[in-house]
Every structure is written in C-alpha cells, then in structure tokens.
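A.B. asks: Provided herewith is a single structure, encoded as structure tokens, for subsequent inquiry.
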Amino acid sequence: MARYKYLIVGNSAGGIGAVEAIREGDSQGSLALVSDEPYPAYSRPAISEFLMGERDFDDRMYFRAPDFYDRHKVERYLGARVTQLDLEGREVVLENGDRLGWERLLLATGGVPITPRMDGLELNGVHRFTTIDHARNIDAALKQGARRVVVVGGGLIGCSLTSALIQRGGVEVVMVELLDRALAAVMDATASAMVEARLRELEVRVVTGHSVAGILPASSDPSRVGAVTLSSGEEIPCDLVGVAVGVAPRLELVRETPIEVNRGIVVDRYMETTVPGVFACGDVAEAYDFIYDSHRVVAIWPNAYIGGRIAGLNMAGGHHEYDGCTAMNSFSYFDIALASAGLFDPGAEDSVQTDTVNENGVYKKVVLREGRLVGFLLQGDIDQAGVLFRLMRDRVPVVDFQDRLLEDGFGLVSLPRPLRDAWLGDGGMGYEGSLAGGLAAK
Ligand SMILES: Cc1cc2nc3c(=O)[nH]c(=O)nc-3n(C[C@H](O)[C@H](O)[C@H](O)COP(=O)(O)OP(=O)(O)OC[C@H]3O[C@@H](n4cnc5c(N)ncnc54)[C@H](O)[C@@H]3O)c2cc1C
C-alpha cells in the first residue's frame, strides 16, 4: 500500500491551491491527489463556454500547464473514486479496493448537483450541468437534434446553461425557477428584473414561482423526455431537461465519521477539521465569512482556491489563518456585466443602502452598516468592484467618503491619501485578483 505525507481528494480549485501551497512549504514530501474525474484540473466555470463551442477542452479548459503535476511532484490517481475514509488507520479506500495512506489529508471534494424530487429523472434527455462530462452530454444531445429545452433552476448554474444554449442558437429555452425571481441568491430584485427582461428579449421564457413537478416520457419513445409538468399543472413539451438547481457539499466520505459536519464540513481558521491532520476546503467546507463573522459554505471558485492554499500551507507545517471570504459573484451572461459581494439585500434596520439606476441602465448599490461597507452590487459598469471589495474586506470606515462610493470613476484616487498609499504599498485591490485566483483559463 502506498503511503503519502500528503493526500488530497479533489483535483479542482481547492486541490490545486493546496498542491501549490504544500510545495511552497515542503518541496520534497510525498504528495498524491485523487479525483474521480479522469481529467487534469479544468476550469469548472468555463464549462458554459465549452458548451457554447468557444473553448476546446484539450486546449483551453485546463487552468494549469500540462506539466503541473510533474513539476510539483504529485502522484495522480485520476478517474479513481475514494469510497471510504479510515481515520484510525489514516487511509482512504478507492473504488477498486486499493488503499492509500496519509499523514495529512485534504478533503476538497466540492459539491454535488442538487436534484429536486420529481418523477422522470431517469429518462434519456435529463442532464445535470456541473462537470465537463455533463457539458459534453448536453452537447451530444443538441447535436442529435434536441431543440426544446427546459432549464430547471434560475440561479447561476441555470443562467450559465441558458447562456450557452442561447449562444449556440437554434433552441427554444424555458427557464423554471421556484422562487419568485431568477438569481435571488446573487442579486437583488431590481437587478433580477433587469436580467429577466433581458432574457425575454432573447426569447427565453422565464417561469418564476413554480417548480417542475415531474418529467414526462415522450409518446413516441417512452425512454425519452417528452415534456415537463409544472406545479401549476401546465405541461411544457421539451426534448431536453437541464437540472441546474445548484450544488450541495459532497459529504459522502465524512458521514459516519467523527469529522464534524453542519451544512458543510466544519473547519477552523486554519482549514483543519475537528479531526487533527484532516483538512477541508472549497464547496464542501464551511469557511470563515468575514461579513457574517461566522463559518458558512461559500461555493465560489476563489474561496476554494484560497482556502486550499491556506490548508496546504498548514499541512506543510505552517500556521496561517484564513482571512475569510464572502459571497462574491461576477456574472457575465446575456451581455450583462454584474458584480456583487456580501450583503446586497440586507433588510436589516442597522444598514444604509444607496441605489441608483441611471439612464444607461447602469445600476449600483452599496450597503453600509455601522459606517462600513458590508455589500455591493454593480450592474452594467463593474469597474469599481475591486476597490469596493477591498474596502469591505478590510473593514475600512467609509463614513468620510460614503457619498462618493457610487460616483462614476470612484476608485483608488478617490480614497483618503493614507489609505491609498497603504494599498499601493501592498499591491492591489483584491476583487479581480481573488476572482482570478487560479482561473487562468477563463
Ligand atoms: C456551471 C458552473 C459555473 C460556475 N461559475 C462560477 C463563477 O463564475 N465564479 C465562481 O467563483 N464560481 C463559479 N462556480 C463555482 C466553482 O466552480 C466552485 O466553487 C469550485 O469549482 C469549487 O472548487 P472545489 O475544489 O471546492 O470543488 P469542485 O470544483 O467541485 O471539485 C471537486 C472534485 O473532487 C472530486 N471528488 C469529490 N468526491 C470525490 C471522491 N469521493 N473521490 C474522488 N474524487 C472526488 C470531484 O469529482 C471533483 O472533481 C461555478 C460552478 C458551476 C458548476
């Protein structure tokens, strides 16, 4: 049985961040990485562009160079699923029965697509949209002639799929969202309404406030999808259903173990779980959120990558605290540019909000609490995202210049001199840098 000093389960943002950080602290310790996806690490957010036909997988989806694993002395077990975690023996068991030992383990197992309960999920023509293989399956179905698509879910993943379908052209799309508006998790009602209006312009039918109650077989071929029924009773004919409701932490390995789990795996500020020597990061873990001042699942790429880096530094003997993350999204579908972070829709009495919608359809909003920025939303013009994010992350008191936050051109030069000098001294804004963390292929 092979035994490694470091073992990582998951070969995506979190796993790669950890590999890089481990090698910064320990250039020689034995290191292995296991993933049930058979490919080198690729940019998951870019599966939409792959489906659009804008990216060739072998060429432009990988976010590290082909020699990455060799350069970092990483033993790869790709296309291998870990089925069991033996914490006492400090081993994992692979699907084929092989065991791999470890001294320090990182669980970067990400998320699994959420599947609402409904009849007909087993029919041909029902797809998920979180992996490159899912995108390939949809691509194949479209090439075989699928023309009427129902996208179940009007969140980021549903929009990502819808955007790819629109871009390809030649398909009718109906988006069905259970809540009363699309994208409720990443934008406020005003911004959602602007996106929905744009979708209608693009001839996408958006059905909100209803769920898909069931998927019905086609009368011509009962093994295939023929329609969906909504909770309203309406039947929508279709030949492809994209279930894109979101992801939940992939917890199968830690159930029935002493590793503490809430919604995600509980970790401390060093990304270590409640079992010493076992770390977790990314979509599967509850990292520190500096806006909520508590630990939560924040399923975004930068959190996975930076959390993975912190875990890796500490696995290699360091003592680095994660400053934390918060929900932040950069949305660029349907020719709409949007950036949001933190609390953009607070509803709490102790916050002040400022809204403007200008004649060019640019919409900006900042949310302040006790004189500090706790959230923002920029639509149409997102140039200020970097500076606003840094003000938020560094808890900078903004009272003296809060009236200027939404001005066109607000930026580094608008900040009080000492603050500006301090930022220039340590190089950068933080938002784009964090979003880019490892997303080089995007
Ligand atoms: C369509 C889509 C669009 C997105 N767009 C954006 C965006 O624009 N911006 C943004 O910030 N984020 C975006 N995200 C979210 C982002 O991709 C995730 O937050 C990020 O990939 C999480 O990284 P991770 O390393 O935690 O896990 P994942 O990327 O989920 O990877 C986990 C890996 O672990 C493997 N694994 C899990 N369990 C096992 C096991 N038992 N054995 C072996 N291998 C296992 C999985 O197969 C997978 O390869 C998007 C996600 C999707 C699906």
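Here, A, B, ... name the chains of the structure tokens in the order displayed, residue numbers run from 1 inside each chain, and ligands are numbered from 1 in the same displayed order.
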Neighbours of ligand 1 at 6 Å or closer, counting only C-alpha atoms and all ligand atoms: which residues, as a VMD selection string?
C.D. replies: chain A and resid 9 to 15 34 to 37 44 to 45 80 to 83 108 to 111 129 to 130 157 160 282 to 283 299 to 302 304 329
A.B. asks: Atoms to include: N, CA and C atoms. Write the selected residues as a CSV table (one decimal), in the first residue's frame.
C.D. replies:
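Contents of out-v4.csv, as written:
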chain,number,residue,atom,x,y,z
A,9,VAL,N,-7.9,14.8,-1.8
A,9,VAL,CA,-9.1,14.2,-2.5
A,9,VAL,C,-9.8,15.4,-3.2
A,10,GLY,N,-9.7,15.4,-4.5
A,10,GLY,CA,-10.3,16.5,-5.3
A,10,GLY,C,-9.3,17.2,-6.1
A,11,ASN,N,-9.5,17.3,-7.4
A,11,ASN,CA,-8.5,17.9,-8.3
A,11,ASN,C,-9.1,19.1,-9.0
A,12,SER,N,-9.5,20.1,-8.2
A,12,SER,CA,-10.1,21.3,-8.8
A,12,SER,C,-9.5,22.5,-8.1
A,13,ALA,N,-10.3,23.5,-7.9
A,13,ALA,CA,-9.7,24.8,-7.4
A,13,ALA,C,-9.0,24.5,-6.0
A,14,GLY,N,-9.7,23.9,-5.1
A,14,GLY,CA,-9.2,23.6,-3.7
A,14,GLY,C,-8.0,22.7,-3.8
A,15,GLY,N,-8.1,21.6,-4.5
A,15,GLY,CA,-6.9,20.7,-4.5
A,15,GLY,C,-5.7,21.3,-5.1
A,34,VAL,N,-6.1,12.5,-5.6
A,34,VAL,CA,-7.1,11.5,-6.1
A,34,VAL,C,-8.3,12.3,-6.6
A,35,SER,N,-8.8,11.9,-7.8
A,35,SER,CA,-10.1,12.5,-8.2
A,35,SER,C,-10.9,11.5,-9.1
A,36,ASP,N,-12.2,11.5,-8.9
A,36,ASP,CA,-12.9,10.6,-9.8
A,36,ASP,C,-13.2,11.1,-11.1
A,37,GLU,N,-12.9,12.4,-11.4
A,37,GLU,CA,-12.9,12.9,-12.7
A,37,GLU,C,-11.6,12.5,-13.4
A,44,ARG,N,-14.0,24.8,-14.0
A,44,ARG,CA,-15.4,24.4,-13.9
A,44,ARG,C,-16.4,25.5,-14.4
A,45,PRO,N,-16.1,26.8,-14.0
A,45,PRO,CA,-17.0,27.8,-14.5
A,45,PRO,C,-17.0,27.9,-16.1
A,80,ALA,N,-10.4,7.9,-10.3
A,80,ALA,CA,-10.4,7.0,-9.1
A,80,ALA,C,-11.3,7.6,-8.0
A,81,ARG,N,-12.3,6.9,-7.6
A,81,ARG,CA,-13.2,7.4,-6.6
A,81,ARG,C,-12.8,6.9,-5.2
A,82,VAL,N,-12.7,7.8,-4.3
A,82,VAL,CA,-12.5,7.3,-2.9
A,82,VAL,C,-13.8,6.9,-2.3
A,83,THR,N,-13.9,5.7,-1.8
A,83,THR,CA,-15.2,5.3,-1.3
A,83,THR,C,-15.3,5.3,0.2
A,108,ALA,N,-11.1,18.0,-0.6
A,108,ALA,CA,-11.5,19.1,-1.5
A,108,ALA,C,-12.5,18.6,-2.4
A,109,THR,N,-13.5,17.9,-1.9
A,109,THR,CA,-14.4,17.1,-2.7
A,109,THR,C,-15.6,17.9,-3.3
A,110,GLY,N,-15.6,19.2,-3.1
A,110,GLY,CA,-16.6,20.1,-3.8
A,110,GLY,C,-18.0,19.8,-3.5
A,111,GLY,N,-18.8,19.9,-4.6
A,111,GLY,CA,-20.3,19.8,-4.4
A,111,GLY,C,-20.9,18.8,-5.3
A,129,PHE,N,-25.5,19.9,-14.9
A,129,PHE,CA,-24.6,20.8,-15.6
A,129,PHE,C,-23.6,21.3,-14.6
A,130,THR,N,-22.7,20.4,-14.1
A,130,THR,CA,-21.7,20.9,-13.2
A,130,THR,C,-20.3,20.3,-13.6
A,157,ILE,N,-26.1,28.6,-12.0
A,157,ILE,CA,-25.8,27.5,-12.9
A,157,ILE,C,-26.8,27.4,-14.0
A,160,SER,N,-25.9,30.0,-16.4
A,160,SER,CA,-24.8,29.6,-17.2
A,160,SER,C,-25.1,28.6,-18.3
A,282,GLY,N,-13.1,24.6,0.2
A,282,GLY,CA,-13.9,24.8,-1.0
A,282,GLY,C,-15.4,24.5,-0.8
A,283,ASP,N,-16.1,24.0,-1.8
A,283,ASP,CA,-17.5,23.9,-1.7
A,283,ASP,C,-18.0,22.9,-0.7
A,299,ALA,N,-19.9,28.8,-2.0
A,299,ALA,CA,-19.5,27.9,-3.1
A,299,ALA,C,-19.0,28.7,-4.3
A,300,ILE,N,-17.9,29.3,-4.2
A,300,ILE,CA,-17.3,30.1,-5.3
A,300,ILE,C,-15.8,29.7,-5.4
A,301,TRP,N,-15.4,29.9,-6.7
A,301,TRP,CA,-14.0,29.5,-7.0
A,301,TRP,C,-12.9,30.1,-6.1
A,302,PRO,N,-12.9,31.4,-5.9
A,302,PRO,CA,-11.8,32.0,-5.2
A,302,PRO,C,-11.7,31.4,-3.7
A,304,ALA,N,-12.6,28.5,-2.8
A,304,ALA,CA,-12.0,27.1,-2.9
A,304,ALA,C,-10.5,27.2,-3.0
A,329,ASN,N,-19.7,37.4,-6.6
A,329,ASN,CA,-20.0,36.8,-7.9
A,329,ASN,C,-19.8,37.8,-9.0
A.B. asks: Do you know which residues are at most 9 Å from Met187 in chain A counting only C-alpha atoms, after dropping those on the same chain fewer than 3 positions away, and could you put them as a PyMOL selection string?
C.D. replies: chain A and resi 182-184+190-192+338-340+344-345+377
A.B. asks: With C-alpha atoms kept, could you save the residues just selected as a PDB file, in the first residue's frame?
C.D. replies:
ATOM      1  CA  ALA A 182     -34.249  34.492 -11.055  1.00  0.00           C
ATOM      2  CA  LEU A 183     -30.826  34.799  -9.430  1.00  0.00           C
ATOM      3  CA  ALA A 184     -32.183  35.618  -5.985  1.00  0.00           C
ATOM      4  CA  THR A 190     -34.079  45.278  -9.224  1.00  0.00           C
ATOM      5  CA  ALA A 191     -31.120  43.542 -10.825  1.00  0.00           C
ATOM      6  CA  SER A 192     -33.062  40.262 -11.199  1.00  0.00           C
ATOM      7  CA  LEU A 338     -22.665  42.266 -12.884  1.00  0.00           C
ATOM      8  CA  ALA A 339     -20.551  42.040  -9.753  1.00  0.00           C
ATOM      9  CA  SER A 340     -21.964  41.526  -6.306  1.00  0.00           C
ATOM     10  CA  PHE A 344     -26.578  43.270  -1.293  1.00  0.00           C
ATOM     11  CA  ASP A 345     -30.103  42.735   0.001  1.00  0.00           C
ATOM     12  CA  LEU A 377     -23.981  45.258  -6.349  1.00  0.00           C
TER      13      LEU A 377
END
A.B. asks: Could you pull out the residues in range 323-400 of chain A that DSSP calls strand (DSSP E or B) from the backbone, as a PyMOL selection string?
C.D. replies: chain A and resi 325+328-331+338-342+351-357+363-369+372-379+397
A.B. asks: Go ahead and save the residues from that selection, with C-alpha atoms, as a PDB file, in the first residue's frame.
C.D. replies:
ATOM      1  CA  CYS A 325     -14.197  35.048   2.235  1.00  0.00           C
ATOM      2  CA  MET A 328     -18.975  37.386  -4.336  1.00  0.00           C
ATOM      3  CA  ASN A 329     -20.006  36.837  -7.866  1.00  0.00           C
ATOM      4  CA  SER A 330     -19.048  38.167 -11.213  1.00  0.00           C
ATOM      5  CA  PHE A 331     -21.817  37.469 -13.699  1.00  0.00           C
ATOM      6  CA  LEU A 338     -22.665  42.266 -12.884  1.00  0.00           C
ATOM      7  CA  ALA A 339     -20.551  42.040  -9.753  1.00  0.00           C
ATOM      8  CA  SER A 340     -21.964  41.526  -6.306  1.00  0.00           C
ATOM      9  CA  ALA A 341     -20.461  40.766  -2.941  1.00  0.00           C
ATOM     10  CA  GLY A 342     -21.520  40.456   0.672  1.00  0.00           C
ATOM     11  CA  SER A 351     -27.840  49.260   7.435  1.00  0.00           C
ATOM     12  CA  VAL A 352     -27.970  52.121   4.969  1.00  0.00           C
ATOM     13  CA  GLN A 353     -28.395  51.470   1.279  1.00  0.00           C
ATOM     14  CA  THR A 354     -27.871  53.682  -1.682  1.00  0.00           C
ATOM     15  CA  ASP A 355     -29.445  52.855  -5.015  1.00  0.00           C
ATOM     16  CA  THR A 356     -29.174  54.488  -8.384  1.00  0.00           C
ATOM     17  CA  VAL A 357     -30.313  53.362 -11.814  1.00  0.00           C
ATOM     18  CA  TYR A 363     -27.419  50.068 -11.575  1.00  0.00           C
ATOM     19  CA  LYS A 364     -25.246  50.405  -8.491  1.00  0.00           C
ATOM     20  CA  LYS A 365     -25.891  49.804  -4.866  1.00  0.00           C
ATOM     21  CA  VAL A 366     -23.787  49.758  -1.737  1.00  0.00           C
ATOM     22  CA  VAL A 367     -24.845  48.516   1.664  1.00  0.00           C
ATOM     23  CA  LEU A 368     -23.334  50.128   4.740  1.00  0.00           C
ATOM     24  CA  ARG A 369     -23.509  49.036   8.315  1.00  0.00           C
ATOM     25  CA  ARG A 372     -18.541  50.239   6.981  1.00  0.00           C
ATOM     26  CA  LEU A 373     -19.284  48.651   3.642  1.00  0.00           C
ATOM     27  CA  VAL A 374     -20.859  45.201   4.000  1.00  0.00           C
ATOM     28  CA  GLY A 375     -22.019  44.611   0.450  1.00  0.00           C
ATOM     29  CA  PHE A 376     -22.364  45.973  -3.050  1.00  0.00           C
ATOM     30  CA  LEU A 377     -23.981  45.258  -6.349  1.00  0.00           C
ATOM     31  CA  LEU A 378     -22.841  46.753  -9.633  1.00  0.00           C
ATOM     32  CA  GLN A 379     -24.642  46.096 -12.876  1.00  0.00           C
ATOM     33  CA  PRO A 397     -14.586  53.069   7.881  1.00  0.00           C
TER      34      PRO A 397
END
A.B. asks: Can you measure CA of Leu161 in chain A to CA of Gly380 in chain A for me? One decimal in Å is fine.
C.D. replies: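 Those two atoms sit 21.1 Å apart.
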A.B. asks: When you count only C-alpha atoms, which of these residues is closest to Glu286 in chain A: A:Ala248, A:Ala18, A:Val186, A:Ile47?
C.D. replies: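 Looking only at the distances to Glu286 in chain A, the closest residue turns out to be A:Ala248.
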A.B. asks: Could you tell me how far CA of Asp293 in chain A lies from CA of Gly317 in chain A, in Å and to one decimal?
C.D. replies: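 CA of Gly317 in chain A lies at a distance of 26.4 Å from CA of Asp293 in chain A.
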A.B. asks: Which residue out of A:Val399, A:Val173, A:Met194, A:Leu107 has the minimum interatomic distance to Val266 in chain A when only C-alpha atoms are used?
C.D. replies: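 Nearest candidate to Val266 in chain A out of A:Val399, A:Val173, A:Met194, A:Leu107: A:Leu107.
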A.B. asks: For range 24-124 of chain A versus range 233-246 of chain A, which residues have an atom no more than 9 Å away, and what is each residue's nearest atom pair and distance in Å rounded to one decimal, using only C-alpha atoms, chain-then-number order, as a tab-separated table?
C.D. replies:
residue	atom	partner	partner_atom	distance
A:Gly111	CA	A:Gly246	CA	8.9
A:Val112	CA	A:Gly246	CA	8.3
A:Pro113	CA	A:Gly246	CA	5.8
A:Ile114	CA	A:Gly246	CA	5.6
A:Thr115	CA	A:Val245	CA	7.0
A:Pro116	CA	A:Val245	CA	7.8
A:Asn124	CA	A:Leu240	CA	8.3
A.B. asks: Per residue of range 62-169 of chain A within 12 Å of range 208-214 of chain A, what are the shortest atom pair and its distance in Å to one decimal, counting only C-alpha atoms, with rows by chain and residue number, as a tab-separated table?
C.D. replies:
residue	atom	partner	partner_atom	distance
A:Thr115	CA	A:Val212	CA	11.3
A:Pro116	CA	A:Val212	CA	8.8
A:Arg117	CA	A:Ala213	CA	8.2
A:Met118	CA	A:Gly214	CA	4.9
A:Asp119	CA	A:Gly214	CA	4.8
A:Gly120	CA	A:Gly214	CA	6.2
A:Leu121	CA	A:Gly214	CA	8.2
A:Glu122	CA	A:Gly214	CA	11.2
A:Leu123	CA	A:Gly214	CA	11.1
A:Val126	CA	A:Gly214	CA	11.6
A:Val150	CA	A:Val212	CA	9.4
A:Val151	CA	A:Val212	CA	9.7
A:Val152	CA	A:Val212	CA	7.1
A:Gly153	CA	A:Ser211	CA	8.7
A:Gly154	CA	A:Thr208	CA	8.3
A:Gly155	CA	A:Thr208	CA	11.4
A.B. asks: Got time to write the residues from that selection, N, CA and C atoms, as a compact mmCIF listing (two decimals), in the first residue's frame?
C.D. replies:
# COMPACT_ATOMS: atom_id res chain seq x y z
N THR A 115 -30.61 17.67 -6.69
CA THR A 115 -31.64 17.12 -7.57
C THR A 115 -32.98 17.15 -6.86
N PRO A 116 -33.87 18.04 -7.27
CA PRO A 116 -35.17 18.09 -6.62
C PRO A 116 -35.91 16.78 -6.85
N ARG A 117 -36.76 16.42 -5.90
CA ARG A 117 -37.51 15.17 -6.08
C ARG A 117 -38.58 15.34 -7.15
N MET A 118 -38.53 14.52 -8.15
CA MET A 118 -39.58 14.56 -9.19
C MET A 118 -39.52 13.26 -9.97
N ASP A 119 -40.65 12.88 -10.54
CA ASP A 119 -40.68 11.70 -11.40
C ASP A 119 -39.96 12.00 -12.71
N GLY A 120 -39.41 10.95 -13.30
CA GLY A 120 -38.90 11.06 -14.67
C GLY A 120 -37.43 11.43 -14.78
N LEU A 121 -36.75 11.53 -13.63
CA LEU A 121 -35.33 11.95 -13.70
C LEU A 121 -34.46 10.93 -14.44
N GLU A 122 -34.96 9.69 -14.50
CA GLU A 122 -34.15 8.63 -15.14
C GLU A 122 -34.28 8.63 -16.67
N LEU A 123 -35.16 9.47 -17.20
CA LEU A 123 -35.40 9.44 -18.65
C LEU A 123 -34.20 9.95 -19.44
N VAL A 126 -32.46 13.87 -19.69
CA VAL A 126 -32.35 14.67 -18.45
C VAL A 126 -30.86 14.79 -18.11
N VAL A 150 -35.92 22.65 -21.34
CA VAL A 150 -36.37 23.26 -20.09
C VAL A 150 -35.19 23.26 -19.13
N VAL A 151 -34.82 24.42 -18.64
CA VAL A 151 -33.76 24.54 -17.64
C VAL A 151 -34.44 24.66 -16.29
N VAL A 152 -34.17 23.71 -15.41
CA VAL A 152 -34.78 23.73 -14.09
C VAL A 152 -33.83 24.47 -13.15
N GLY A 153 -34.18 25.67 -12.75
CA GLY A 153 -33.32 26.45 -11.87
C GLY A 153 -32.90 27.75 -12.52
N GLY A 154 -33.19 28.86 -11.86
CA GLY A 154 -32.85 30.17 -12.41
C GLY A 154 -31.76 30.84 -11.62
N GLY A 155 -30.84 30.04 -11.08
CA GLY A 155 -29.69 30.61 -10.36
C GLY A 155 -28.50 30.72 -11.30
A.B. asks: Go through A:Leu412, A:Ala146, A:Val206, A:Ile265 one by one, measure the shortest atom-to-atom distance of each to Met175 in chain A using only C-alpha atoms, and give the residue with the smallest value.
C.D. replies: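 Closest residue, counting only C-alpha atoms: A:Val206.
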